[in-house]
Amino acid sequence: MDLRRWHYFAVLAEEMHFTKAAARLFVSQPSLSQQIRAFEADLGVALLDRTGPRFALTGAGRVAAAEARELLDRLDRARGAIAAAGRGDAGRLRIAYTRSAPGPLAGDLVAAYRERHPDVELALETGWTSLNLARLAAGEIDAGFVRPPVTAPGIEVAVVGSEEVLLALPSGHPLARRRGRVPRAAIAAEPVVFWPRENGPGQYDAISGQVWPGGLPPIVREEPEDEQLMRAVAEGAGLAAVPEHRARALRRRGVVLKRLEDPPPRIDLGLAWRAGPASPAVRAFVDLAVSARRGPTAPP
């Protein structure tokens with residue numbers, strides 16, 4: 001059915017005057033009259049009572065007028081929703097944080113996106129780098145924060161921030177009382193608590209290569225999560241190297257955080273997404289992440 005005729009009839013029902021309705025629609029009066037008769041033929045019912053000096057709406061005409069307005073309003077909403085989706089202003093976006101960086105680097109980016117695109121539904125999860133990459137490849141999430149360097153087929157990664165890596169020391173350790181930055185030589189043989197390399201090989205290698213350039217000392221304990229890692233340090237199992245924001249967020253009694261001598265170790269935070277065509281919502285998030293990339297954060 002011709003939607004234009006629904007529009008013509010809705011305007012005529014509002015104006016109740018052919019000349020005024022035709023002027024509003026930018027058509028001639030005979031053309032409008034012809035379209036209204038064709039609309040009645042489409043519906044198979046008379047919508048106008050033309051027996052008097054001025055036409056009136058029939059019972060069916062009154063129903064048609066209400067339905068026409070509702071239909072046209074719904075069409076306008078549909079157009080707006082479609083246009084918003086095309087701009088990335090609507091839809092659903094599934095994002096996974098990485099457990100090592102749930103703080104301001106990723107959180108502020110998600111908050112900025114939410115503010116710019118309030119009609120996009122955000123589904124937020126948390127995983128580690130290897131899990132986020134696997135879920136991206138499987139199509140279970142749309143974007144995920146990861147710790148570069150990352151090499152995964154079909155996945156693109158943009159670095160969106162950087163932070164320093166701190167040493168977490170048991171409070172009773174002699175280095176915990178040392179003033180200033182800690183020399184790397186002082187920890188070259190100290191027992192270490194670390195997480196499994198398979199959780200994030202790039203981050204693991206980046207941290208270990210910068211903190212222990214001569215090679216990792218003995219790893220006396222592996223913990224899958226930073227919370228357990230910090231607990232192990234508090235228990236005196238060994239020292240650990242932890243990204244600054246995570247270390248400060250999880251700081252607990254029995255743990256002292258120290259900075260290493262220059263050059264301070266740093267790790268990047270990346271945003272990963274599937275290569276190839278992306279939905280407008282994903283593209284808008286990626287573009288925001290790239291444009292808002294943060295450089296090194298200043299030490300407090």
# chains A, B, ... in the order shown; residues from 1 in each chain; ligands from 1

call {"tool": "select_by_dssp", "arguments": {"residues": "stretch 100-196 of chain A", "states": "alpha helix (DSSP H)", "output": "ChimeraX atom specification"}}
result
/A:104-116,129-137

call {"tool": "residues_around", "arguments": {"residues": "stretch 199-208 of chain A", "least_positions_apart": "5", "cutoff": "6 Å", "atoms": "only C-alpha atoms", "output": "list of chain:residue names"}}
result
A:Thr129, A:Ser130, A:Arg147, A:Pro148, A:Pro149

call {"tool": "residues_around", "arguments": {"residues": "A:Val146", "least_positions_apart": "6", "cutoff": "8 Å", "atoms": "only C-alpha atoms", "output": "PyMOL selection string"}}
result
chain A and resi 97-98+128-129+132-133+269-272

call {"tool": "residues_around", "arguments": {"residues": "A:Pro104", "least_positions_apart": "6", "cutoff": "10 Å", "atoms": "only C-alpha atoms", "output": "PyMOL selection string"}}
result
chain A and resi 110-111+245-246

call {"tool": "residues_around", "arguments": {"residues": "A:Pro153", "least_positions_apart": "2", "cutoff": "9 Å", "atoms": "only C-alpha atoms", "output": "VMD selection string"}}
result
chain A and resid 137 151 155 to 156 275

call {"tool": "residues_around", "arguments": {"residues": "A:Ala106", "least_positions_apart": "5", "cutoff": "12 Å", "atoms": "only C-alpha atoms", "output": "compact mmCIF listing (two decimals) with N, CA, C and O atoms, in the first residue's frame"}}
result
# COMPACT_ATOMS: atom_id res chain seq x y z
N ILE A 95 31.63 -5.39 25.37
CA ILE A 95 33.02 -5.03 25.63
C ILE A 95 33.54 -5.85 26.81
O ILE A 95 32.84 -6.03 27.81
N ALA A 96 34.76 -6.32 26.69
CA ALA A 96 35.41 -7.04 27.80
C ALA A 96 36.62 -6.26 28.27
O ALA A 96 37.49 -5.91 27.47
N TYR A 97 36.64 -5.96 29.56
CA TYR A 97 37.85 -5.39 30.17
C TYR A 97 38.89 -6.50 30.30
O TYR A 97 38.58 -7.69 30.23
N THR A 98 40.14 -6.11 30.52
CA THR A 98 41.14 -7.08 30.94
C THR A 98 41.33 -6.94 32.44
O THR A 98 41.30 -5.83 32.98
N ARG A 99 41.50 -8.05 33.12
CA ARG A 99 41.54 -8.03 34.59
C ARG A 99 42.67 -7.15 35.12
O ARG A 99 42.57 -6.59 36.20
N SER A 100 43.74 -7.02 34.35
CA SER A 100 44.88 -6.24 34.83
C SER A 100 44.67 -4.75 34.66
O SER A 100 45.48 -3.97 35.13
N ALA A 101 43.61 -4.34 33.99
CA ALA A 101 43.40 -2.90 33.76
C ALA A 101 41.92 -2.54 33.77
O ALA A 101 41.37 -2.06 32.79
N ALA A 111 33.31 5.21 29.80
CA ALA A 111 32.43 6.28 30.29
C ALA A 111 32.25 7.37 29.24
O ALA A 111 31.14 7.89 29.06
N ALA A 112 33.32 7.71 28.52
CA ALA A 112 33.23 8.73 27.48
C ALA A 112 32.34 8.25 26.34
O ALA A 112 31.54 9.01 25.79
N TYR A 113 32.45 6.97 26.00
CA TYR A 113 31.60 6.42 24.94
C TYR A 113 30.13 6.42 25.38
O TYR A 113 29.24 6.78 24.61
N LEU A 124 29.07 -5.25 29.55
CA LEU A 124 30.46 -5.20 29.99
C LEU A 124 30.83 -6.47 30.75
O LEU A 124 30.07 -6.93 31.61
N THR A 126 34.56 -8.99 32.05
CA THR A 126 35.98 -8.92 32.37
C THR A 126 36.62 -10.27 32.08
O THR A 126 36.07 -11.32 32.41
N ALA A 143 34.45 -6.00 21.25
CA ALA A 143 35.74 -5.36 21.47
C ALA A 143 36.25 -5.79 22.83
O ALA A 143 35.46 -6.08 23.74
N GLY A 144 37.56 -5.86 22.96
CA GLY A 144 38.12 -6.28 24.24
C GLY A 144 39.42 -5.56 24.52
O GLY A 144 40.22 -5.33 23.61
N PHE A 145 39.62 -5.20 25.77
CA PHE A 145 40.88 -4.62 26.17
C PHE A 145 41.89 -5.75 26.38
O PHE A 145 41.56 -6.79 26.94
N VAL A 146 43.11 -5.52 25.89
CA VAL A 146 44.16 -6.54 25.95
C VAL A 146 45.47 -5.87 26.30
O VAL A 146 45.60 -4.65 26.27
N ARG A 147 46.45 -6.72 26.61
CA ARG A 147 47.79 -6.22 26.89
C ARG A 147 48.69 -6.58 25.70
O ARG A 147 49.02 -7.74 25.50
N VAL A 159 46.85 0.56 20.44
CA VAL A 159 47.30 0.92 21.79
C VAL A 159 46.54 2.18 22.22
O VAL A 159 46.51 3.18 21.51
N VAL A 160 45.91 2.12 23.40
CA VAL A 160 45.10 3.24 23.87
C VAL A 160 45.64 3.86 25.15
O VAL A 160 45.11 4.87 25.61
N GLY A 161 46.68 3.29 25.72
CA GLY A 161 47.23 3.87 26.93
C GLY A 161 48.47 3.14 27.38
O GLY A 161 48.86 2.11 26.80
N SER A 162 49.10 3.67 28.42
CA SER A 162 50.33 3.10 28.94
C SER A 162 50.41 3.41 30.43
O SER A 162 49.89 4.44 30.89
N GLU A 163 51.01 2.50 31.19
CA GLU A 163 51.19 2.76 32.62
C GLU A 163 52.46 2.08 33.11
O GLU A 163 52.99 1.15 32.50
N HIS A 245 47.95 0.87 38.17
CA HIS A 245 46.56 1.08 38.57
C HIS A 245 45.99 -0.12 39.29
O HIS A 245 45.25 0.01 40.28
N ARG A 246 46.35 -1.30 38.81
CA ARG A 246 45.86 -2.53 39.45
C ARG A 246 46.50 -2.70 40.81
O ARG A 246 45.83 -3.07 41.79
N ASP A 268 51.68 -1.41 27.83
CA ASP A 268 50.60 -0.74 27.10
C ASP A 268 49.27 -1.42 27.38
O ASP A 268 49.20 -2.60 27.77
N LEU A 269 48.22 -0.66 27.15
CA LEU A 269 46.87 -1.20 27.13
C LEU A 269 46.36 -1.06 25.71
O LEU A 269 46.49 0.00 25.09
N GLY A 270 45.81 -2.13 25.18
CA GLY A 270 45.31 -2.10 23.81
C GLY A 270 43.82 -2.39 23.75
O GLY A 270 43.24 -2.99 24.67
N LEU A 271 43.21 -1.96 22.67
CA LEU A 271 41.82 -2.32 22.38
C LEU A 271 41.84 -3.20 21.15
O LEU A 271 42.44 -2.84 20.12
N PHE A 285 33.32 3.21 18.76
CA PHE A 285 34.12 2.95 19.97
C PHE A 285 35.60 2.89 19.64
O PHE A 285 36.43 3.46 20.37
N LEU A 288 36.87 6.41 18.92
CA LEU A 288 37.02 7.17 20.16
C LEU A 288 38.28 6.74 20.90
O LEU A 288 39.04 7.57 21.40
N ALA A 289 38.52 5.43 20.95
CA ALA A 289 39.70 4.92 21.65
C ALA A 289 40.98 5.41 21.02
O ALA A 289 41.92 5.81 21.71
N ALA A 292 41.42 9.21 21.59
CA ALA A 292 41.62 9.60 22.99
C ALA A 292 42.80 8.90 23.62
O ALA A 292 42.93 8.88 24.84
N ARG A 293 43.68 8.32 22.80
CA ARG A 293 44.79 7.55 23.33
C ARG A 293 45.59 8.35 24.35
O ARG A 293 45.90 9.51 24.12
N ARG A 294 45.90 7.70 25.44
CA ARG A 294 46.67 8.35 26.51
C ARG A 294 48.12 7.93 26.42
O ARG A 294 48.44 6.78 26.18

call {"tool": "atom_distance", "arguments": {"atom1": "atom CA of A:Glu164", "atom2": "atom CA of A:Val242"}}
result
8.7 Å

call {"tool": "residues_around", "arguments": {"residues": "stretch 14-31 of chain A", "least_positions_apart": "5", "cutoff": "9 Å", "atoms": "only C-alpha atoms", "output": "MDAnalysis selection string"}}
result
chainID A and resid 8:9 36 54:57 65

call {"tool": "select_by_dssp", "arguments": {"residues": "stretch 17-208 of chain A", "states": "strand (DSSP E or B)", "output": "PyMOL selection string"}}
result
chain A and resi 48-49+56-57+91-98+120-127+143-146+155-170+182+192-194

call {"tool": "atom_distance", "arguments": {"atom1": "atom CA of A:Val286", "atom2": "atom CA of A:Trp273"}}
result
8.1 Å

call {"tool": "closest_residue", "arguments": {"among": "A:Val45, A:Arg79, A:Arg92, A:Leu260", "to": "A:Ala176", "atoms": "only C-alpha atoms"}}
result
A:Leu260
